>>> print(open('upload03.csv').read())   # CSV, C-alpha atoms
chain,number,residue,atom,x,y,z
H,27,LYS,CA,-3.1,10.1,5.0
H,28,GLY,CA,-2.8,11.0,8.7
H,29,VAL,CA,-5.8,13.4,8.4
H,30,ALA,CA,-7.8,10.8,6.5
H,31,CYS,CA,-7.1,8.1,9.1
H,32,GLU,CA,-8.2,10.5,11.8
H,33,ARG,CA,-11.5,11.2,10.0
H,34,LEU,CA,-12.1,7.5,9.3
H,35,GLY,CA,-11.2,6.4,12.8
H,36,ILE,CA,-8.4,4.0,11.7
H,37,SER,CA,-6.3,2.3,14.4
H,38,HIS,CA,-4.5,-0.3,12.2
H,39,PHE,CA,-2.7,0.7,9.0
H,40,VAL,CA,-0.5,-1.0,6.4
H,41,ASP,CA,1.9,0.9,4.1
H,42,ASP,CA,5.3,0.4,2.4
H,43,LYS,CA,6.4,3.9,3.2
H,44,LEU,CA,7.6,4.8,6.7
H,45,GLU,CA,6.7,8.5,6.1
H,46,VAL,CA,3.0,7.5,5.7
H,47,LEU,CA,3.0,5.5,8.9
H,48,LYS,CA,4.6,8.5,10.7
H,49,SER,CA,1.9,10.7,9.4
H,50,VAL,CA,-0.8,8.3,10.6
H,51,PHE,CA,0.8,8.5,14.1
H,52,GLU,CA,2.2,12.0,14.4
H,53,ASP,CA,1.1,14.3,11.5
H,54,GLU,CA,0.6,17.9,12.8
H,55,ALA,CA,-2.2,18.5,10.3
H,56,GLY,CA,-4.2,15.5,11.8
H,57,ASN,CA,-3.5,12.0,12.8
H,58,SER,CA,-5.1,9.0,14.5
H,59,ARG,CA,-2.5,8.5,17.2
H,60,HIS,CA,-5.2,8.5,19.9
H,61,LEU,CA,-7.0,5.7,18.2
H,62,VAL,CA,-3.9,3.6,17.6
H,63,GLU,CA,-3.0,3.9,21.3
H,64,ARG,CA,-6.6,3.4,22.6
H,65,TYR,CA,-7.2,0.3,20.6
H,66,GLN,CA,-3.7,-1.1,20.7
H,67,GLY,CA,-3.4,-0.5,17.0
H,68,LEU,CA,-0.6,-1.7,14.8
H,69,LEU,CA,1.3,0.2,12.1
H,70,PHE,CA,2.5,-2.3,9.6
H,71,HIS,CA,5.6,-1.3,7.5
H,72,PHE,CA,5.2,-3.5,4.5
H,73,ALA,CA,8.2,-4.6,2.4
H,74,LYS,CA,8.2,-3.1,-1.1
H,75,GLY,CA,6.1,-5.4,-3.4
H,76,GLY,CA,5.1,-7.7,-0.6
H,77,PHE,CA,6.6,-10.8,-2.2
H,78,GLY,CA,9.7,-11.1,-0.2
H,79,LYS,CA,10.5,-13.0,3.0
H,80,ASP,CA,12.4,-10.2,4.7
H,81,PRO,CA,10.7,-7.2,6.4
H,82,PRO,CA,12.1,-3.7,5.7
H,83,GLU,CA,15.1,-2.7,7.8
H,84,VAL,CA,14.5,0.5,9.7
H,85,ASP,CA,16.6,2.3,12.3
H,86,LYS,CA,14.0,2.4,15.1
H,87,SER,CA,15.7,5.3,16.7
H,88,THR,CA,14.1,7.4,13.9
H,89,LEU,CA,10.7,6.6,15.3
H,90,ALA,CA,9.0,8.4,18.2
H,91,PRO,CA,9.2,6.3,21.4
H,92,MET,CA,5.5,5.8,21.6
H,93,MET,CA,5.3,4.9,17.9
H,94,ARG,CA,7.8,2.1,18.4
H,95,ARG,CA,5.2,0.2,20.5
H,96,HIS,CA,2.9,0.0,17.6
H,97,TYR,CA,5.3,-0.3,14.7
H,98,ARG,CA,5.6,-3.7,13.0
H,99,PRO,CA,7.9,-4.4,10.0
H,100,VAL,CA,6.4,-7.2,7.8
H,101,ALA,CA,7.5,-8.8,4.6
H,102,ASN,CA,4.1,-9.8,3.2
H,103,TRP,CA,0.4,-10.2,3.8
H,104,ALA,CA,0.9,-13.6,5.5
H,105,GLN,CA,3.0,-11.9,8.2
H,106,VAL,CA,0.4,-9.2,8.6
H,107,LEU,CA,-2.2,-11.9,9.3
H,108,GLU,CA,0.2,-13.7,11.7
H,109,GLN,CA,0.7,-10.4,13.7
H,110,LEU,CA,-3.1,-9.7,13.8
H,111,ARG,CA,-3.8,-13.2,15.0
H,112,VAL,CA,-1.4,-12.7,17.9
H,113,LYS,CA,-2.7,-9.2,18.8
H,114,LEU,CA,-6.3,-8.8,17.9
H,115,PRO,CA,-8.2,-5.7,19.1
H,116,GLY,CA,-10.5,-6.4,22.1
H,117,GLN,CA,-13.7,-5.9,20.1
H,118,LEU,CA,-12.6,-8.6,17.6
H,119,GLN,CA,-11.3,-11.2,20.0
H,120,LYS,CA,-14.6,-13.2,20.0
H,121,ARG,CA,-14.9,-13.3,16.2
H,122,GLY,CA,-11.2,-13.0,15.4
H,123,MET,CA,-10.4,-16.6,14.6
H,124,GLU,CA,-13.4,-16.7,12.2
H,125,ILE,CA,-12.3,-13.5,10.5
H,126,LEU,CA,-8.6,-14.2,10.2
H,127,VAL,CA,-8.4,-17.6,8.5
H,128,PRO,CA,-5.1,-19.2,8.1
H,129,ALA,CA,-3.1,-18.1,5.1
H,130,THR,CA,-2.9,-20.5,2.2
H,131,PRO,CA,0.4,-20.7,0.4
H,132,ARG,CA,0.3,-19.2,-3.1
H,133,SER,CA,2.9,-18.7,-5.7
H,134,ALA,CA,4.3,-15.2,-6.0
H,135,LYS,CA,3.4,-14.9,-9.6
H,136,PRO,CA,0.1,-15.7,-11.1
H,137,GLN,CA,0.2,-18.7,-13.5
H,138,PRO,CA,-0.6,-18.0,-17.2
H,139,LEU,CA,-3.8,-19.3,-18.6
H,140,THR,CA,-3.7,-22.4,-20.7
H,141,PRO,CA,-5.6,-22.5,-24.0
H,142,VAL,CA,-8.2,-24.8,-22.4
H,143,MET,CA,-8.7,-22.4,-19.4
H,144,LYS,CA,-9.0,-19.4,-21.9
H,145,ALA,CA,-11.7,-21.3,-23.8
H,146,GLN,CA,-13.6,-22.0,-20.6
H,147,ARG,CA,-13.5,-18.5,-19.1
H,148,PRO,CA,-16.5,-16.2,-19.8
H,149,PRO,CA,-16.0,-13.5,-22.3
H,150,GLY,CA,-14.8,-10.1,-21.0
H,151,PRO,CA,-17.1,-7.0,-21.5
H,152,TRP,CA,-15.0,-6.0,-24.5
H,153,GLU,CA,-15.6,-9.3,-26.1
H,154,ARG,CA,-19.3,-9.8,-25.6
H,155,ASN,CA,-20.6,-7.6,-28.5
H,156,ALA,CA,-17.7,-8.1,-30.8
H,157,ALA,CA,-19.9,-9.3,-33.6
H,158,VAL,CA,-21.9,-6.0,-33.6
H,159,TRP,CA,-18.7,-4.0,-34.1
H,160,GLN,CA,-17.2,-6.2,-36.8
H,161,SER,CA,-17.8,-5.0,-40.3
H,162,ALA,CA,-18.3,-7.2,-43.3
H,163,ASP,CA,-15.7,-5.1,-45.1
H,164,THR,CA,-12.3,-6.0,-43.8
H,165,GLN,CA,-10.6,-2.9,-45.4
H,166,PRO,CA,-9.5,-0.3,-42.9
H,167,ALA,CA,-11.2,3.1,-43.0
H,168,LEU,CA,-7.9,4.9,-43.4
H,169,GLN,CA,-6.2,3.7,-46.6
H,170,TRP,CA,-3.2,4.9,-48.5
H,171,SER,CA,-3.6,6.3,-52.0
H,172,ALA,CA,-2.5,4.3,-55.0
H,173,SER,CA,0.7,6.4,-55.2
H,174,GLY,CA,1.3,5.6,-51.5
H,175,GLY,CA,1.9,9.2,-50.6
H,176,ARG,CA,-1.3,10.5,-48.9
H,177,PRO,CA,-3.8,8.8,-46.6
H,178,LYS,CA,-7.4,8.5,-47.7
H,179,LEU,CA,-10.4,8.2,-45.5
H,180,VAL,CA,-12.9,5.7,-47.0
H,181,LEU,CA,-16.4,6.0,-45.5
H,182,LYS,CA,-18.3,2.8,-45.3
H,183,ALA,CA,-22.1,2.3,-45.5
H,184,ARG,CA,-23.7,2.2,-42.1
H,185,ASP,CA,-24.6,-1.2,-40.8
H,186,PRO,CA,-28.4,-1.6,-41.2
H,187,LYS,CA,-28.6,-3.4,-37.8
H,188,LEU,CA,-27.7,-0.2,-36.1
H,189,GLY,CA,-30.7,1.7,-37.6
H,190,PRO,CA,-30.6,5.1,-39.3
H,191,ALA,CA,-28.0,7.6,-38.2
H,192,GLY,CA,-29.4,10.4,-36.0
H,193,ALA,CA,-32.7,8.6,-35.4
H,194,ALA,CA,-34.3,9.5,-32.1
H,195,VAL,CA,-34.3,6.6,-29.6
H,196,GLU,CA,-37.2,6.3,-27.1
H,197,VAL,CA,-36.0,6.0,-23.5
H,198,PRO,CA,-38.6,4.5,-21.2
H,199,SER,CA,-39.6,6.9,-18.4
H,200,GLN,CA,-38.7,6.0,-14.8
H,201,PRO,CA,-41.8,5.7,-12.5
H,202,ALA,CA,-41.6,8.3,-9.8
>>> encode(input="upload03.csv", output="structure tokens")
Amino acid sequence: KGVACERLGISHFVDDKLEVLKSVFEDEAGNSRHLVERYQGLLFHFAKGGFGKDPPEVDKSTLAPMMRRHYRPVANWAQVLEQLRVKLPGQLQKRGMEILVPATPRSAKPQPLTPVMKAQRPPGPWERNAAVWQSADTQPALQWSASGGRPKLVLKARDPKLGPAGAAVEVPSQPA
């Protein structure tokens, strides 16, 4: 990830693994340390899962002295936003308060849908053409023989709405 950050010009980074943050800052194969230092970037060490209230505990003596200036342990996304509000990069200071809106409290777990909410939601892509795929014959294609010993594949008549099997379909040409 250090090489990718260098290529993308990343100065701020969030990850839950300290090794990844170290690679962003000091990977020998490539890193974006110069960008982190130039733009006063921050390397956020995210708590596993991001739902807790406590940031990860790390012995900072394992970090390079220059990396300690940019390292920030955080418990969740709300803490990331708080840190960014305090220390915005110079280029974002004018627009920063518009970009970083205050965090709204949310529950850690999404609430299950009620039957009324399920009925009001639009159908998913797998539900939209369900009628086309439903067969009038409710028997499964793979059935067990009368003796119950061997499976039997029962072929059904093709739905006439689908047209003949193997028929050529005209595709409109694209204008050049």
>>> atom_distance(input="upload03.csv", atom1="CA of Lys27 (chain H)", atom2="CA of Lys79 (chain H)")
26.9 Å
>>> closest_residue(input="upload03.csv", among="H:Lys144, H:Pro149, H:Glu32, H:Val100", to="Phe70 (chain H)", atoms="all atoms listed in the file")
H:Val100
>>> residues_near_point(input="upload03.csv", point="(4.2, 11.2, 12.4)", cutoff="12 Å", atoms="all atoms listed in the file", output="PDB file with C-alpha atoms, in the coordinates of the input")
ATOM      1  CA  LYS H  27      -3.100  10.100   5.000  1.00  0.00           C
ATOM      2  CA  GLY H  28      -2.800  11.000   8.700  1.00  0.00           C
ATOM      3  CA  VAL H  29      -5.800  13.400   8.400  1.00  0.00           C
ATOM      4  CA  LYS H  43       6.400   3.900   3.200  1.00  0.00           C
ATOM      5  CA  LEU H  44       7.600   4.800   6.700  1.00  0.00           C
ATOM      6  CA  GLU H  45       6.700   8.500   6.100  1.00  0.00           C
ATOM      7  CA  VAL H  46       3.000   7.500   5.700  1.00  0.00           C
ATOM      8  CA  LEU H  47       3.000   5.500   8.900  1.00  0.00           C
ATOM      9  CA  LYS H  48       4.600   8.500  10.700  1.00  0.00           C
ATOM     10  CA  SER H  49       1.900  10.700   9.400  1.00  0.00           C
ATOM     11  CA  VAL H  50      -0.800   8.300  10.600  1.00  0.00           C
ATOM     12  CA  PHE H  51       0.800   8.500  14.100  1.00  0.00           C
ATOM     13  CA  GLU H  52       2.200  12.000  14.400  1.00  0.00           C
ATOM     14  CA  ASP H  53       1.100  14.300  11.500  1.00  0.00           C
ATOM     15  CA  GLU H  54       0.600  17.900  12.800  1.00  0.00           C
ATOM     16  CA  ALA H  55      -2.200  18.500  10.300  1.00  0.00           C
ATOM     17  CA  GLY H  56      -4.200  15.500  11.800  1.00  0.00           C
ATOM     18  CA  ASN H  57      -3.500  12.000  12.800  1.00  0.00           C
ATOM     19  CA  SER H  58      -5.100   9.000  14.500  1.00  0.00           C
ATOM     20  CA  ARG H  59      -2.500   8.500  17.200  1.00  0.00           C
ATOM     21  CA  LEU H  69       1.300   0.200  12.100  1.00  0.00           C
ATOM     22  CA  THR H  88      14.100   7.400  13.900  1.00  0.00           C
ATOM     23  CA  LEU H  89      10.700   6.600  15.300  1.00  0.00           C
ATOM     24  CA  ALA H  90       9.000   8.400  18.200  1.00  0.00           C
ATOM     25  CA  PRO H  91       9.200   6.300  21.400  1.00  0.00           C
ATOM     26  CA  MET H  92       5.500   5.800  21.600  1.00  0.00           C
ATOM     27  CA  MET H  93       5.300   4.900  17.900  1.00  0.00           C
ATOM     28  CA  ARG H  94       7.800   2.100  18.400  1.00  0.00           C
ATOM     29  CA  TYR H  97       5.300  -0.300  14.700  1.00  0.00           C
TER      30      TYR H  97
END
>>> atom_distance(input="upload03.csv", atom1="CA of Leu181 (chain H)", atom2="CA of Ala167 (chain H)")
6.5 Å
>>> residues_around(input="upload03.csv", residues="Glu83 (chain H)", least_positions_apart="4", cutoff="10 Å", atoms="only C-alpha atoms", output="number ranges by chain")
H: 71, 73, 99-100
>>> atom_distance(input="upload03.csv", atom1="CA of Trp103 (chain H)", atom2="CA of Gly67 (chain H)")
16.8 Å
